[in-house]
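Enquirer: Dropping the structure in here first, questions after.
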Amino acid sequence: MPLNSFCPDSPEIIITENEPLNRFSTLGTGGTAEFFAQPESISQLQELITVTRNNIPVYVIGGGSNIIIPDGTIHGLTISTRKLDSLTWIDDSSAEIESGCILSHLVKILRDKNIGGLEFSAGIPGTIGGAVSGNAGAGGHGVCEFIECVKAVDSSGTLVTFRRGEFEYGYRRCSLSGVITASVIMSFRDCPLWNEESYSGFMLKRKSQPLGFRSAGCTFKNPEGHSAGKLLDECGCKGLRVGDASVSDKHANFIINCGNASSSDILRLAEICSEKVYDCTGIKLEPEIKTLTPCFSVT
């Protein structure tokens, strides 16, 4: 499909062709986007979706920290939300945060303002949009607990709003699908003051993870009543390799890129680990890392 078949009217929106996507992934893997754009405002995001007219697949990448981008050419339009990063305070305890805002940036702001609640997010990478889609969290808490509403762009380019109670969330999941999160309004009205001890405790736990290596975070969700990392360790997964993809010797629930791993290497290694755990324990691990898929169905 030629680029000029869906060029936006706004000259500020730049669409490039054959954009390498590995630099948008914390794993450092992935293929090439046929078409690629980085909107700088929600209205630009809406226009991008409007001009595609549901004729081509649309993919969205945030911080790239919990996703595997397939190898080869990603046909259609891939959008990075990294420039949608504004944060606007509505009052002393609530703010509207665009989807591309880095979660650690929000945590730092709350720490500086002495507002508690998100201490458990210490050290979690990625953007607000990604954190909402997977209800990122730790210690039995998730970011969705603090959301008053989600503003999202649907397949027609319309901005729609989902208020608390109009979507569901749980452990590493949020029911919102078929839309692109544009911004969220988060409220910390009922939260205590910032707890530095709690924050430091969560930061200390992060040190058990293979920091400094290219990974996409935890490979699998924790099955109820079990630790995925412990199961993987006990089943002999540490150190397993496929190409340059390796299970971390430090934490078995992390697959790291030791050199020039492909996304196919990562996925095959995850499959091998899942099979080993199932053969050893009868427990089927559920992936926490998501593979990049289109946001909307093509009509």
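Residue numbers start at 1 in each chain; chains themselves are named A, B, ... in the order of the structure tokens; ligands are numbered from 1 in the order shown.
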Using only C-alpha atoms, which residues sit within 12 Å of Thr219 in chain A once same-chain residues fewer than 4 positions away are excluded, as a ChimeraX atom specification?
Expert: /A:27,65-68,215,227-229,232,246-248,251-256,266-267,269-271,273-274,285-291
Enquirer: Give me, as a PyMOL selection string, all polymer residues having an atom no more than 10 Å from range 36-51 of chain A, counting only C-alpha atoms and skipping those fewer than 2 positions away in the same chain.
Expert: chain A and resi 5-10+12-21+32-34+53-56+58-61+74+76-86+98-100+151-159+180-183+296
Enquirer: What does the structure give for the distance between CA of Tyr169 in chain A and CA of Gly63 in chain A, in Å to one decimal?
Expert: 20.7 Å
Enquirer: Give me the residues within 10 Å of Phe120 in chain A as an MDAnalysis selection string, counting only C-alpha atoms and dropping any in the same chain fewer than 3 places off.
Expert: chainID A and resid 107 116:117 123:124 136:143 198:203
Enquirer: Dump C-alpha atoms for the selected residues as a PDB file, in the first residue's frame?
Expert:
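Contents of selection12.pdb, freshly written:
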ATOM      1  CA  VAL A 107       6.156   7.771  40.804  1.00  0.00           C
ATOM      2  CA  GLY A 116       1.425   7.779  48.680  1.00  0.00           C
ATOM      3  CA  GLY A 117      -0.263   4.868  46.948  1.00  0.00           C
ATOM      4  CA  GLY A 123      11.235   0.104  39.529  1.00  0.00           C
ATOM      5  CA  ILE A 124       8.444  -1.047  37.179  1.00  0.00           C
ATOM      6  CA  ALA A 136       0.964  -3.453  36.366  1.00  0.00           C
ATOM      7  CA  GLY A 137       1.728  -3.834  40.032  1.00  0.00           C
ATOM      8  CA  ALA A 138       3.270  -5.763  42.881  1.00  0.00           C
ATOM      9  CA  GLY A 139       2.440  -6.831  46.404  1.00  0.00           C
ATOM     10  CA  GLY A 140      -1.205  -7.468  45.585  1.00  0.00           C
ATOM     11  CA  HIS A 141      -1.776  -3.963  44.180  1.00  0.00           C
ATOM     12  CA  GLY A 142      -2.161  -2.622  40.640  1.00  0.00           C
ATOM     13  CA  VAL A 143      -2.281   0.803  39.008  1.00  0.00           C
ATOM     14  CA  SER A 198       7.601   0.742  51.545  1.00  0.00           C
ATOM     15  CA  TYR A 199       9.099   2.267  48.405  1.00  0.00           C
ATOM     16  CA  SER A 200      12.620   1.189  49.412  1.00  0.00           C
ATOM     17  CA  GLY A 201      11.348  -2.315  50.125  1.00  0.00           C
ATOM     18  CA  PHE A 202       9.942  -2.679  46.626  1.00  0.00           C
ATOM     19  CA  MET A 203      13.111  -1.224  45.124  1.00  0.00           C
TER      20      MET A 203
END
Enquirer: Using only C-alpha atoms, which of A:Leu106, A:Gly178, A:Pro11, A:Glu275 sits nearest Thr293 in chain A?
Expert: A:Gly178
